[in-house]
$ cat upload-v3.pdb   # PDB, C-alpha atoms
ATOM      1  CA  MET J   1      36.771 -42.290  21.612
ATOM      2  CA  ILE J   2      36.991 -45.989  22.388
ATOM      3  CA  VAL J   3      35.016 -49.096  21.443
ATOM      4  CA  LEU J   4      34.375 -51.824  24.029
ATOM      5  CA  LYS J   5      33.579 -55.314  22.736
ATOM      6  CA  PRO J   6      32.818 -58.280  25.012
ATOM      7  CA  TYR J   7      34.704 -61.540  24.599
ATOM      8  CA  ASP J   8      31.699 -63.512  25.852
ATOM      9  CA  VAL J   9      28.366 -63.006  27.581
ATOM     10  CA  PHE J  10      28.104 -60.439  30.376
ATOM     11  CA  ILE J  11      25.623 -59.285  32.993
ATOM     12  CA  PHE J  12      24.534 -55.773  34.008
ATOM     13  CA  SER J  13      22.452 -56.350  37.137
ATOM     14  CA  ASP J  14      20.115 -53.787  38.682
ATOM     15  CA  GLY J  15      22.207 -53.090  41.788
ATOM     16  CA  LYS J  16      20.160 -55.219  44.173
ATOM     17  CA  PRO J  17      22.199 -57.632  46.310
ATOM     18  CA  PHE J  18      22.253 -61.234  45.064
ATOM     19  CA  ASN J  19      22.751 -63.822  47.787
ATOM     20  CA  LYS J  20      23.300 -67.399  46.625
ATOM     21  CA  GLY J  21      21.238 -69.758  48.706
ATOM     22  CA  GLU J  22      18.564 -67.188  49.511
ATOM     23  CA  GLU J  23      17.976 -66.509  45.807
ATOM     24  CA  THR J  24      18.391 -68.870  42.877
ATOM     25  CA  PHE J  25      18.062 -66.520  39.888
ATOM     26  CA  ARG J  26      19.692 -63.201  38.968
ATOM     27  CA  GLU J  27      18.045 -61.148  36.232
ATOM     28  CA  SER J  28      19.789 -58.877  33.743
ATOM     29  CA  VAL J  29      17.780 -56.414  31.649
ATOM     30  CA  PHE J  30      19.793 -54.689  28.957
ATOM     31  CA  PHE J  31      19.825 -50.950  28.362
ATOM     32  CA  ILE J  32      22.723 -48.622  27.561
ATOM     33  CA  ASN J  33      24.045 -48.285  31.089
ATOM     34  CA  PRO J  34      27.109 -46.007  31.345
ATOM     35  CA  ILE J  35      27.734 -46.575  35.064
ATOM     36  CA  PRO J  36      29.761 -49.848  34.884
ATOM     37  CA  ILE J  37      31.968 -48.275  32.186
ATOM     38  CA  LEU J  38      32.461 -45.045  34.107
ATOM     39  CA  SER J  39      33.144 -46.885  37.371
ATOM     40  CA  PHE J  40      35.874 -49.054  35.853
ATOM     41  CA  ALA J  41      37.569 -46.034  34.225
ATOM     42  CA  ASN J  42      37.612 -44.195  37.564
ATOM     43  CA  LYS J  43      38.874 -47.245  39.446
ATOM     44  CA  LEU J  44      41.561 -48.072  36.895
ATOM     45  CA  THR J  45      43.042 -44.583  36.686
ATOM     46  CA  LYS J  46      42.160 -43.358  40.210
ATOM     47  CA  ASN J  47      40.786 -40.322  38.396
ATOM     48  CA  LYS J  48      37.310 -38.859  37.849
ATOM     49  CA  PHE J  49      36.010 -39.305  34.317
ATOM     50  CA  ASN J  50      32.883 -37.945  32.652
ATOM     51  CA  ILE J  51      31.059 -39.689  29.807
ATOM     52  CA  GLN J  52      30.086 -37.218  27.090
ATOM     53  CA  PHE J  53      28.602 -39.709  24.622
ATOM     54  CA  ILE J  54      27.772 -43.401  24.506
ATOM     55  CA  SER J  55      25.964 -45.637  22.013
ATOM     56  CA  LEU J  56      26.174 -49.076  20.467
ATOM     57  CA  ILE J  57      28.450 -49.648  17.480
ATOM     58  CA  LYS J  58      28.690 -52.412  14.891
ATOM     59  CA  ASP J  59      31.051 -52.501  11.905
ATOM     60  CA  ASN J  60      31.997 -48.850  12.458
ATOM     61  CA  THR J  61      28.321 -47.770  12.409
ATOM     62  CA  LEU J  62      26.509 -46.294  15.415
ATOM     63  CA  TYR J  63      23.225 -47.808  16.602
ATOM     64  CA  PHE J  64      20.468 -46.208  18.695
ATOM     65  CA  LYS J  65      17.403 -47.545  20.488
ATOM     66  CA  ILE J  66      14.444 -47.468  18.133
ATOM     67  CA  PRO J  67      12.139 -44.622  19.303
ATOM     68  CA  LEU J  68       9.179 -45.960  21.245
ATOM     69  CA  GLU J  69       6.653 -44.084  19.116
ATOM     70  CA  ILE J  70       7.477 -46.290  16.113
ATOM     71  CA  LYS J  71       5.207 -49.343  16.076
ATOM     72  CA  LYS J  72       4.669 -52.385  13.880
ATOM     73  CA  LEU J  73       1.316 -53.621  12.661
ATOM     74  CA  LYS J  74       0.804 -56.878  14.510
ATOM     75  CA  TYR J  75      -0.109 -59.136  11.607
ATOM     76  CA  ARG J  76       2.068 -57.446   8.990
ATOM     77  CA  GLN J  77       5.632 -56.212   8.730
ATOM     78  CA  ASN J  78       4.623 -52.610   8.040
ATOM     79  CA  LEU J  79       5.962 -49.943  10.376
ATOM     80  CA  ILE J  80       3.662 -47.161  11.480
ATOM     81  CA  THR J  81       4.521 -43.736  12.861
ATOM     82  CA  PRO J  82       2.067 -41.357  14.559
ATOM     83  CA  LYS J  83       0.836 -37.895  13.659
ATOM     84  CA  LEU J  84       0.721 -35.250  16.394
ATOM     85  CA  LYS J  85      -2.810 -33.951  16.838
ATOM     86  CA  THR J  86      -4.406 -31.401  19.144
ATOM     87  CA  ILE J  87      -6.659 -32.791  21.875
ATOM     88  CA  ASP J  88     -10.314 -31.774  21.560
ATOM     89  CA  GLU J  89     -12.739 -31.232  24.422
ATOM     90  CA  THR J  90     -13.979 -34.840  24.314
ATOM     91  CA  TYR J  91     -10.575 -36.255  25.281
ATOM     92  CA  ILE J  92     -10.139 -36.736  29.030
ATOM     93  CA  THR J  93      -6.670 -37.079  30.559
ATOM     94  CA  LYS J  94      -4.954 -36.496  33.888
ATOM     95  CA  GLU J  95      -1.798 -35.452  32.065
ATOM     96  CA  ASP J  96      -1.050 -31.765  31.479
ATOM     97  CA  ILE J  97      -0.698 -32.218  27.720
ATOM     98  CA  THR J  98      -2.362 -30.589  24.723
ATOM     99  CA  HIS J  99      -1.635 -33.126  21.957
ATOM    100  CA  ILE J 100      -1.944 -36.869  21.353
ATOM    101  CA  LEU J 101      -0.205 -39.283  19.003
ATOM    102  CA  ASP J 102      -2.611 -40.561  16.369
ATOM    103  CA  TYR J 103      -1.573 -43.684  14.421
ATOM    104  CA  GLU J 104      -4.598 -43.369  12.121
ATOM    105  CA  THR J 105      -5.316 -47.105  12.089
ATOM    106  CA  GLU J 106      -7.687 -49.548  13.758
ATOM    107  CA  GLU J 107      -5.310 -52.489  13.295
ATOM    108  CA  LYS J 108      -3.520 -53.948  16.296
ATOM    109  CA  MET J 109       0.016 -52.677  16.824
ATOM    110  CA  GLU J 110       3.008 -53.903  18.775
ATOM    111  CA  ASP J 111       6.257 -52.406  20.018
ATOM    112  CA  LEU J 112       9.571 -52.971  18.326
ATOM    113  CA  SER J 113      12.608 -53.935  20.346
ATOM    114  CA  GLY J 114      16.105 -53.258  19.113
ATOM    115  CA  TYR J 115      18.570 -50.690  17.840
ATOM    116  CA  ILE J 116      18.622 -48.958  14.435
ATOM    117  CA  ASP J 117      21.652 -47.799  12.480
ATOM    118  CA  VAL J 118      22.604 -44.114  12.315
ATOM    119  CA  ASP J 119      21.441 -43.645   8.701
ATOM    120  CA  THR J 120      17.928 -44.854   9.551
ATOM    121  CA  PHE J 121      17.979 -42.750  12.712
ATOM    122  CA  VAL J 122      18.877 -39.630  10.698
ATOM    123  CA  LYS J 123      15.825 -40.180   8.459
ATOM    124  CA  TYR J 124      13.668 -40.403  11.587
ATOM    125  CA  LEU J 125      15.130 -37.182  13.044
ATOM    126  CA  LYS J 126      14.428 -35.356   9.778
ATOM    127  CA  GLY J 127      10.764 -36.337   9.977
ATOM    128  CA  GLU J 128      10.741 -38.982   7.256
ATOM    129  CA  ASP J 129       8.106 -41.691   7.585
ATOM    130  CA  LEU J 130       9.901 -45.014   8.080
ATOM    131  CA  LYS J 131       8.228 -47.855   6.202
ATOM    132  CA  SER J 132      10.748 -50.556   7.087
ATOM    133  CA  ILE J 133      13.973 -51.112   8.999
ATOM    134  CA  GLU J 134      16.617 -53.308   7.428
ATOM    135  CA  ASN J 135      19.429 -53.224   9.982
ATOM    136  CA  LEU J 136      17.648 -53.761  13.279
ATOM    137  CA  VAL J 137      20.018 -55.100  15.942
ATOM    138  CA  ARG J 138      18.469 -57.146  18.750
ATOM    139  CA  ILE J 139      20.109 -57.981  22.066
ATOM    140  CA  ASN J 140      19.756 -61.601  23.145
ATOM    141  CA  SER J 141      19.838 -63.156  26.578
ATOM    142  CA  GLU J 142      21.348 -66.459  27.635
ATOM    143  CA  ILE J 143      20.645 -68.302  30.886
ATOM    144  CA  ARG J 144      23.585 -70.038  32.523
ATOM    145  CA  THR J 145      23.672 -72.100  35.695
ATOM    146  CA  GLY J 146      26.415 -72.043  38.307
ATOM    147  CA  ILE J 147      27.181 -73.323  41.776
ATOM    148  CA  GLU J 148      29.334 -71.945  44.559
ATOM    149  CA  LEU J 149      32.684 -73.631  45.261
ATOM    150  CA  SER J 150      34.163 -73.931  48.737
ATOM    151  CA  LYS J 151      37.394 -71.913  49.014
ATOM    152  CA  THR J 152      38.901 -74.482  51.363
ATOM    153  CA  THR J 153      37.861 -77.844  49.887
ATOM    154  CA  ARG J 154      37.376 -76.683  46.253
ATOM    155  CA  THR J 155      34.196 -78.725  46.114
ATOM    156  CA  THR J 156      30.642 -77.612  45.435
ATOM    157  CA  VAL J 157      28.570 -76.160  48.273
ATOM    158  CA  GLU J 158      25.231 -77.803  48.913
ATOM    159  CA  GLY J 159      22.199 -75.586  48.297
ATOM    160  CA  MET J 160      24.183 -73.001  46.312
ATOM    161  CA  LEU J 161      22.948 -73.780  42.810
ATOM    162  CA  TYR J 162      21.809 -70.658  40.961
ATOM    163  CA  SER J 163      21.063 -69.326  37.473
ATOM    164  CA  GLN J 164      21.884 -65.993  35.843
ATOM    165  CA  ASN J 165      20.408 -64.311  32.780
ATOM    166  CA  PHE J 166      23.421 -63.093  30.782
ATOM    167  CA  ILE J 167      23.480 -60.696  27.813
ATOM    168  CA  ARG J 168      24.952 -61.812  24.507
ATOM    169  CA  PHE J 169      25.858 -59.237  21.881
ATOM    170  CA  PRO J 170      25.647 -60.101  18.183
ATOM    171  CA  GLU J 171      29.015 -60.453  16.470
ATOM    172  CA  ASN J 172      31.039 -57.208  16.244
ATOM    173  CA  LEU J 173      28.609 -55.246  18.437
ATOM    174  CA  GLY J 174      30.083 -53.116  21.214
ATOM    175  CA  PHE J 175      29.892 -49.817  23.095
ATOM    176  CA  TYR J 176      31.150 -46.591  21.532
ATOM    177  CA  VAL J 177      32.235 -44.260  24.359
ATOM    178  CA  LYS J 178      33.549 -40.713  24.438
ATOM    179  CA  PHE J 179      35.177 -39.731  27.736
ATOM    180  CA  ASP J 180      36.212 -36.192  28.636
ATOM    181  CA  LYS J 181      39.818 -37.402  28.962
ATOM    182  CA  GLU J 182      42.044 -39.933  27.221
ATOM    183  CA  ILE J 183      42.253 -43.396  28.747
ATOM    184  CA  ASP J 184      44.889 -45.944  27.854
ATOM    185  CA  THR J 185      43.987 -49.559  28.544
ATOM    186  CA  ASP J 186      43.707 -52.770  26.538
ATOM    187  CA  PHE J 187      40.627 -54.018  28.372
ATOM    188  CA  PHE J 188      37.715 -53.148  30.672
ATOM    189  CA  THR J 189      36.118 -55.494  33.214
ATOM    190  CA  LEU J 190      32.416 -54.702  33.437
ATOM    191  CA  GLY J 191      29.287 -55.807  35.257
ATOM    192  CA  GLY J 192      28.665 -58.844  37.415
ATOM    193  CA  GLU J 193      31.592 -61.278  37.570
ATOM    194  CA  GLY J 194      33.840 -58.655  35.941
ATOM    195  CA  LYS J 195      33.536 -59.894  32.358
ATOM    196  CA  ILE J 196      36.315 -58.706  30.042
ATOM    197  CA  PHE J 197      35.745 -56.250  27.183
ATOM    198  CA  LYS J 198      38.571 -55.547  24.759
ATOM    199  CA  THR J 199      39.166 -51.912  23.822
ATOM    200  CA  GLU J 200      39.831 -50.316  20.448
ATOM    201  CA  LYS J 201      40.680 -46.649  19.921
ATOM    202  CA  VAL J 202      38.728 -44.734  17.263
ATOM    203  CA  GLN J 203      40.061 -41.472  15.841
ATOM    204  CA  GLU J 204      37.135 -40.738  13.506
ATOM    205  CA  ASN J 205      34.136 -38.858  14.888
ATOM    206  CA  LEU J 206      31.289 -41.257  14.083
ATOM    207  CA  THR J 207      28.572 -38.744  15.068
ATOM    208  CA  LYS J 208      29.450 -36.610  12.025
ATOM    209  CA  SER J 209      26.407 -37.761  10.024
ATOM    210  CA  LEU J 210      24.187 -36.535  12.863
ATOM    211  CA  GLU J 211      25.914 -33.158  12.975
ATOM    212  CA  ASN J 212      25.452 -32.803   9.200
ATOM    213  CA  VAL J 213      21.634 -32.654   9.525
ATOM    214  CA  LYS J 214      21.535 -30.376  12.568
ATOM    215  CA  ASP J 215      20.871 -27.156  10.615
ATOM    216  CA  GLU J 216      18.222 -28.838   8.444
ATOM    217  CA  ILE J 217      16.362 -29.993  11.551
ATOM    218  CA  LYS J 218      16.549 -26.486  13.074
ATOM    219  CA  THR J 219      15.020 -24.997   9.930
ATOM    220  CA  LYS J 220      12.110 -27.472   9.999
ATOM    221  CA  ILE J 221      11.483 -26.784  13.689
ATOM    222  CA  LYS J 222      11.293 -23.027  13.032
ATOM    223  CA  GLN J 223       8.648 -23.736  10.399
ATOM    224  CA  LYS J 224       6.559 -26.226  12.387
ATOM    225  CA  LYS J 225       7.122 -24.709  15.864
ATOM    226  CA  ILE J 226       7.206 -28.210  17.376
ATOM    227  CA  PHE J 227      10.172 -30.460  18.090
ATOM    228  CA  LYS J 228      10.844 -33.702  19.893
ATOM    229  CA  ILE J 229      13.607 -34.798  22.225
ATOM    230  CA  ILE J 230      14.629 -38.452  22.035
ATOM    231  CA  LEU J 231      16.365 -40.220  24.919
ATOM    232  CA  LEU J 232      19.525 -42.049  23.848
ATOM    233  CA  THR J 233      20.259 -43.204  27.404
ATOM    234  CA  PRO J 234      17.887 -43.441  30.389
ATOM    235  CA  THR J 235      17.227 -40.493  32.688
ATOM    236  CA  ASN J 236      15.668 -39.803  36.062
ATOM    237  CA  ALA J 237      13.149 -37.058  35.168
ATOM    238  CA  MET J 238      12.114 -34.424  32.623
ATOM    239  CA  PRO J 239      13.727 -31.016  33.159
ATOM    240  CA  LYS J 240      11.911 -27.750  32.487
ATOM    241  CA  ILE J 241      12.999 -26.336  29.125
ATOM    242  CA  GLU J 242      12.962 -22.569  28.895
ATOM    243  CA  GLY J 243      11.222 -21.345  25.753
ATOM    244  CA  ALA J 244       9.320 -24.588  25.147
ATOM    245  CA  LYS J 245       6.263 -26.366  26.543
ATOM    246  CA  LEU J 246       5.792 -30.138  26.781
ATOM    247  CA  VAL J 247       2.713 -31.091  24.730
ATOM    248  CA  ALA J 248       2.963 -34.892  24.418
ATOM    249  CA  LYS J 249       5.190 -37.822  25.319
ATOM    250  CA  VAL J 250       5.612 -41.529  24.820
ATOM    251  CA  ILE J 251       7.682 -43.318  27.437
ATOM    252  CA  GLY J 252       8.392 -46.955  28.131
ATOM    253  CA  LYS J 253       8.191 -49.048  31.267
ATOM    254  CA  PRO J 254      10.328 -47.471  34.022
ATOM    255  CA  ILE J 255      13.643 -49.152  34.836
ATOM    256  CA  THR J 256      14.279 -49.856  38.511
ATOM    257  CA  TYR J 257      17.967 -49.226  39.037
ATOM    258  CA  SER J 258      20.506 -48.971  41.819
ATOM    259  CA  GLY J 259      24.282 -48.824  41.554
ATOM    260  CA  TRP J 260      27.092 -49.087  44.062
ATOM    261  CA  ILE J 261      29.081 -46.439  45.921
ATOM    262  CA  SER J 262      32.533 -47.084  47.421
ATOM    263  CA  HIS J 263      33.275 -45.288  50.689
ATOM    264  CA  TYR J 264      36.887 -44.351  51.432
ATOM    265  CA  LYS J 265      38.798 -43.322  54.555
ATOM    266  CA  ASP J 266      42.351 -42.088  54.092
ATOM    267  CA  GLU J 267      42.326 -43.382  50.496
ATOM    268  CA  LEU J 268      41.423 -46.889  51.696
ATOM    269  CA  LYS J 269      38.120 -48.398  50.626
ATOM    270  CA  THR J 270      36.149 -49.212  53.748
ATOM    271  CA  SER J 271      32.824 -50.375  52.325
ATOM    272  CA  VAL J 272      30.719 -50.695  49.176
ATOM    273  CA  LEU J 273      27.040 -49.837  49.547
ATOM    274  CA  PRO J 274      24.129 -49.713  47.093
ATOM    275  CA  THR J 275      22.764 -46.322  46.114
ATOM    276  CA  ARG J 276      19.120 -45.389  46.515
ATOM    277  CA  ILE J 277      16.670 -46.912  44.051
ATOM    278  CA  PHE J 278      16.023 -44.845  40.915
ATOM    279  CA  ARG J 279      13.040 -45.244  38.587
ATOM    280  CA  LEU J 280      14.586 -44.417  35.241
ATOM    281  CA  ILE J 281      12.783 -43.290  32.103
ATOM    282  CA  PRO J 282      14.071 -45.728  29.450
ATOM    283  CA  GLU J 283      16.078 -44.927  26.341
ATOM    284  CA  GLY J 284      13.951 -44.536  23.227
ATOM    285  CA  SER J 285      11.359 -42.397  25.033
ATOM    286  CA  VAL J 286      10.160 -39.366  23.062
ATOM    287  CA  PHE J 287       9.043 -35.955  24.367
ATOM    288  CA  TYR J 288       7.192 -33.454  22.151
ATOM    289  CA  TYR J 289       7.587 -29.712  22.781
ATOM    290  CA  GLN J 290       5.870 -26.604  21.437
ATOM    291  CA  LEU J 291       8.465 -23.938  20.657
ATOM    292  CA  GLU J 292       7.143 -20.818  22.392
ATOM    293  CA  ASP J 293      10.230 -18.613  22.056
ATOM    294  CA  GLU J 294      12.204 -19.056  18.829
ATOM    295  CA  SER J 295      15.116 -17.056  20.263
ATOM    296  CA  LYS J 296      15.696 -19.951  22.708
ATOM    297  CA  LEU J 297      16.057 -22.600  19.986
ATOM    298  CA  GLU J 298      19.833 -22.256  19.685
ATOM    299  CA  GLU J 299      20.175 -22.535  23.454
ATOM    300  CA  ILE J 300      17.985 -25.671  23.455
ATOM    301  CA  PHE J 301      20.168 -27.273  20.778
ATOM    302  CA  ASN J 302      23.353 -26.351  22.621
ATOM    303  CA  LYS J 303      22.074 -28.080  25.750
ATOM    304  CA  TYR J 304      20.223 -31.134  24.430
ATOM    305  CA  TRP J 305      21.838 -32.007  21.089
ATOM    306  CA  LEU J 306      24.007 -35.070  21.842
ATOM    307  CA  LYS J 307      24.583 -33.889  25.407
ATOM    308  CA  PRO J 308      23.925 -35.827  28.662
ATOM    309  CA  ALA J 309      21.834 -33.058  30.233
ATOM    310  CA  PHE J 310      18.172 -34.136  30.072
ATOM    311  CA  MET J 311      17.738 -34.787  33.794
ATOM    312  CA  ILE J 312      16.976 -33.351  37.208
ATOM    313  CA  LYS J 313      20.039 -33.140  39.432
ATOM    314  CA  GLU J 314      20.246 -36.046  41.881
ATOM    315  CA  TYR J 315      23.216 -37.626  43.640
ATOM    316  CA  PRO J 316      25.213 -39.528  42.507
ATOM    317  CA  TYR J 317      24.538 -40.111  38.782
ATOM    318  CA  PHE J 318      22.619 -37.072  37.574
ATOM    319  CA  ASP J 319      24.924 -34.070  37.476
ATOM    320  CA  THR J 320      25.276 -31.848  34.411
ATOM    321  CA  ASN J 321      28.666 -30.614  35.647
ATOM    322  CA  ASN J 322      30.025 -34.171  35.926
ATOM    323  CA  PRO J 323      27.921 -36.238  33.533
ATOM    324  CA  SER J 324      27.840 -39.991  33.969
ATOM    325  CA  GLY J 325      26.279 -40.535  30.533
ATOM    326  CA  PHE J 326      22.654 -40.747  31.666
ATOM    327  CA  GLY J 327      20.206 -38.260  30.110
ATOM    328  CA  LEU J 328      21.892 -38.226  26.686
ATOM    329  CA  THR J 329      19.488 -36.838  24.070
ATOM    330  CA  ILE J 330      19.095 -35.614  20.512
ATOM    331  CA  ILE J 331      16.472 -33.393  18.856
ATOM    332  CA  GLY J 332      14.226 -34.218  15.911
ATOM    333  CA  THR J 333      11.385 -32.672  13.937
ATOM    334  CA  ILE J 334       7.843 -33.988  13.552
ATOM    335  CA  TYR J 335       6.361 -35.809  10.552
TER     336      TYR J 335
END
$ encode --input "upload-v3.pdb" --output "structure tokens"
Amino acid sequence: MIVLKPYDVFIFSDGKPFNKGEETFRESVFFINPIPILSFANKLTKNKFNIQFISLIKDNTLYFKIPLEIKKLKYRQNLITPKLKTIDETYITKEDITHILDYETEEKMEDLSGYIDVDTFVKYLKGEDLKSIENLVRINSEIRTGIELSKTTRTTVEGMLYSQNFIRFPENLGFYVKFDKEIDTDFFTLGGEGKIFKTEKVQENLTKSLENVKDEIKTKIKQKKIFKIILLTPTNAMPKIEGAKLVAKVIGKPITYSGWISHYKDELKTSVLPTRIFRLIPEGSVFYYQLEDESKLEEIFNKYWLKPAFMIKEYPYFDTNNPSGFGLTIIGTIY
């Protein structure tokens, strides 16, 4: 496992071309995007890597996107979590679902934005009602302005002033990445403008606290016959899960995303082209399932417990045989 920490701000753009002069602003929306990390590893080693796990890390503690079902009362600091309830005949929906999330309040609520530490996340997975979050990490943005320089005269080019929305991590925050093979490098260059991230090797398995509650969560699911799958990284679609039926879901605003593909001829790069546009389901989304066949529970855990497999196969990023890191999930029980 390695940890990647930025020296400065960085930018993960959405894959759309940015042409100075025609456009004056480039946006950057942060989510745990494994593609820039995977692409640099492949380019550096001229090998094909797979990402088996990725999260944020701060002070040797893992952080995960706060699940989207957790809300905050608008005029108070209290957190509120929903109860899963069966839909009655008066509820009209176009969705093929049988349950709704009931927050049991008439007060206004608002979404939380940020990442929670692994200990808080474990409590959530076990079905404990979270009343507050102490170690919520937020990702900040920082707008910087630049202008193109002429390569011949080394002076500024008229009409080429532009701004970019960069991402700034809090101190000591970085990416925790588990590849399928060892990689030996002191740095990564990631995202737009190839910003430098320093690398640190980690021998300790920091997901151990999650593994320690796996059997407890299985036992609760067998009792309640309902479980939820939480997205730790974005995905392209919901797969069909044998032995379980989707009964409810809470998903965020789709992410419009496109990456880049290098085309080679005789080992020489001939062109770099954008991929097709994907509409990604964002990290933090939660999917509720009714367990219909208890004999399939072990198989479900083997496939979706800290594995990048919650997806429908699509070229080039969504392949369970060669995972890019999208579709990483974990399983929790209900309240």
$ atom_distance --input "upload-v3.pdb" --atom1 "atom CA of Pro67 of chain J" --atom2 "atom CA of Ser285 of chain J"
6.2 Å
$ residues_around --input "upload-v3.pdb" --residues "Phe12 of chain J" --least-positions-apart "2" --cutoff "10 Å" --atoms "all atoms listed in the file" --output "ChimeraX atom specification"
/J:10,14-15,27-33,35-36,165-167,190-194
$ resolve_selection --input "upload-v3.pdb" --expression "the PyMOL selection byres ((chain J and resi 102) around 12)" --output "list in words"
Glu69, Ile70, Lys71, Ile80, Thr81, Pro82, Lys83, Leu84, Lys85, Thr86, Ile87, His99, Ile100, Leu101, Tyr103, Glu104, Thr105, Glu106, Ala248, Val250 and Tyr335 of chain J
$ residues_around --input "upload-v3.pdb" --residues "segment 291-303 of chain J" --least-positions-apart "5" --cutoff "9 Å" --atoms "only C-alpha atoms" --output "NGL selection string"
:J and (214 or 218 or 221-222 or 224-227 or 241-245 or 308-310 or 330-331)
$ closest_residue --input "upload-v3.pdb" --among "J:Arg138, J:Lys307, J:Lys253, J:Lys220" --to "Leu125 of chain J" --atoms "only C-alpha atoms"
J:Lys220
$ closest_residue --input "upload-v3.pdb" --among "J:Met238, J:Gln223, J:Asn60, J:Lys48" --to "Asn205 of chain J" --atoms "all atoms listed in the file"
J:Asn60
$ residues_around --input "upload-v3.pdb" --residues "Glu204 of chain J" --least-positions-apart "6" --cutoff "12 Å" --atoms "all atoms listed in the file" --output "JSON, numbers by chain"
{"J": [1, 2, 3, 60, 61, 176, 178]}
$ residues_around --input "upload-v3.pdb" --residues "Ser132 of chain J" --least-positions-apart "4" --cutoff "10 Å" --atoms "all atoms listed in the file" --output "list in words"
Lys72, Gln77, Asn78, Leu79, Ile80, Thr120 and Leu136 of chain J
$ closest_residue --input "upload-v3.pdb" --among "J:Glu182, J:Glu314, J:Glu171, J:Asp119" --to "Ile277 of chain J" --atoms "all atoms listed in the file"
J:Glu314
$ resolve_selection --input "upload-v3.pdb" --expression "the PyMOL selection byres ((chain J and resi 329) around 6)" --output "PyMOL selection string"
chain J and resi 230-232+304+306+328+330
$ closest_residue --input "upload-v3.pdb" --among "J:Asn50, J:Lys208, J:Leu56, J:Gly252" --to "Asn321 of chain J" --atoms "all atoms listed in the file"
J:Asn50
$ closest_residue --input "upload-v3.pdb" --among "J:Lys201, J:Lys249, J:Lys240, J:Lys181" --to "Gln52 of chain J" --atoms "all atoms listed in the file"
J:Lys181
$ closest_residue --input "upload-v3.pdb" --among "J:Met109, J:Ile57, J:Ile51, J:Ala41" --to "Thr320 of chain J" --atoms "only C-alpha atoms"
J:Ile51
$ resolve_selection --input "upload-v3.pdb" --expression "the PyMOL selection byres ((chain J and resi 63) around 6)" --output "ChimeraX atom specification"
/J:56-57,62,64,115-118
$ residues_around --input "upload-v3.pdb" --residues "Pro170 of chain J" --least-positions-apart "3" --cutoff "9 Å" --atoms "all atoms listed in the file" --output "count of residues only"
7
$ atom_distance --input "upload-v3.pdb" --atom1 "atom CA of Ile196 of chain J" --atom2 "atom CA of Ile183 of chain J"
16.5 Å
$ atom_distance --input "upload-v3.pdb" --atom1 "atom CA of Gly259 of chain J" --atom2 "atom CA of Thr275 of chain J"
5.4 Å
$ build_atoms --input "upload-v3.pdb" --residues "segment 320-331 of chain J" --atoms "N, CA and C atoms" --output "PDB file, in the coordinates of the input"
ATOM      1  N   THR J 320      24.877 -32.398  35.705  1.00  0.00           N
ATOM      2  CA  THR J 320      25.276 -31.848  34.411  1.00  0.00           C
ATOM      3  C   THR J 320      26.714 -31.352  34.409  1.00  0.00           C
ATOM      4  N   ASN J 321      27.263 -31.059  35.581  1.00  0.00           N
ATOM      5  CA  ASN J 321      28.666 -30.614  35.647  1.00  0.00           C
ATOM      6  C   ASN J 321      29.634 -31.787  35.539  1.00  0.00           C
ATOM      7  N   ASN J 322      29.204 -32.954  36.009  1.00  0.00           N
ATOM      8  CA  ASN J 322      30.025 -34.171  35.926  1.00  0.00           C
ATOM      9  C   ASN J 322      29.164 -35.301  35.384  1.00  0.00           C
ATOM     10  N   PRO J 323      28.882 -35.278  34.087  1.00  0.00           N
ATOM     11  CA  PRO J 323      27.921 -36.238  33.533  1.00  0.00           C
ATOM     12  C   PRO J 323      28.421 -37.673  33.550  1.00  0.00           C
ATOM     13  N   SER J 324      27.528 -38.561  33.958  1.00  0.00           N
ATOM     14  CA  SER J 324      27.840 -39.991  33.969  1.00  0.00           C
ATOM     15  C   SER J 324      27.508 -40.645  32.637  1.00  0.00           C
ATOM     16  N   GLY J 325      26.719 -39.956  31.797  1.00  0.00           N
ATOM     17  CA  GLY J 325      26.279 -40.535  30.533  1.00  0.00           C
ATOM     18  C   GLY J 325      24.784 -40.777  30.485  1.00  0.00           C
ATOM     19  N   PHE J 326      24.107 -40.698  31.657  1.00  0.00           N
ATOM     20  CA  PHE J 326      22.654 -40.747  31.666  1.00  0.00           C
ATOM     21  C   PHE J 326      22.096 -39.432  31.107  1.00  0.00           C
ATOM     22  N   GLY J 327      20.853 -39.472  30.595  1.00  0.00           N
ATOM     23  CA  GLY J 327      20.206 -38.260  30.110  1.00  0.00           C
ATOM     24  C   GLY J 327      20.748 -37.737  28.797  1.00  0.00           C
ATOM     25  N   LEU J 328      21.376 -38.615  28.001  1.00  0.00           N
ATOM     26  CA  LEU J 328      21.892 -38.226  26.686  1.00  0.00           C
ATOM     27  C   LEU J 328      20.720 -38.150  25.696  1.00  0.00           C
ATOM     28  N   THR J 329      20.627 -37.045  24.963  1.00  0.00           N
ATOM     29  CA  THR J 329      19.488 -36.838  24.070  1.00  0.00           C
ATOM     30  C   THR J 329      19.921 -36.282  22.714  1.00  0.00           C
ATOM     31  N   ILE J 330      18.960 -36.275  21.799  1.00  0.00           N
ATOM     32  CA  ILE J 330      19.095 -35.614  20.512  1.00  0.00           C
ATOM     33  C   ILE J 330      17.737 -35.042  20.160  1.00  0.00           C
ATOM     34  N   ILE J 331      17.695 -34.125  19.191  1.00  0.00           N
ATOM     35  CA  ILE J 331      16.472 -33.393  18.856  1.00  0.00           C
ATOM     36  C   ILE J 331      16.054 -33.737  17.426  1.00  0.00           C
TER      37      ILE J 331
END
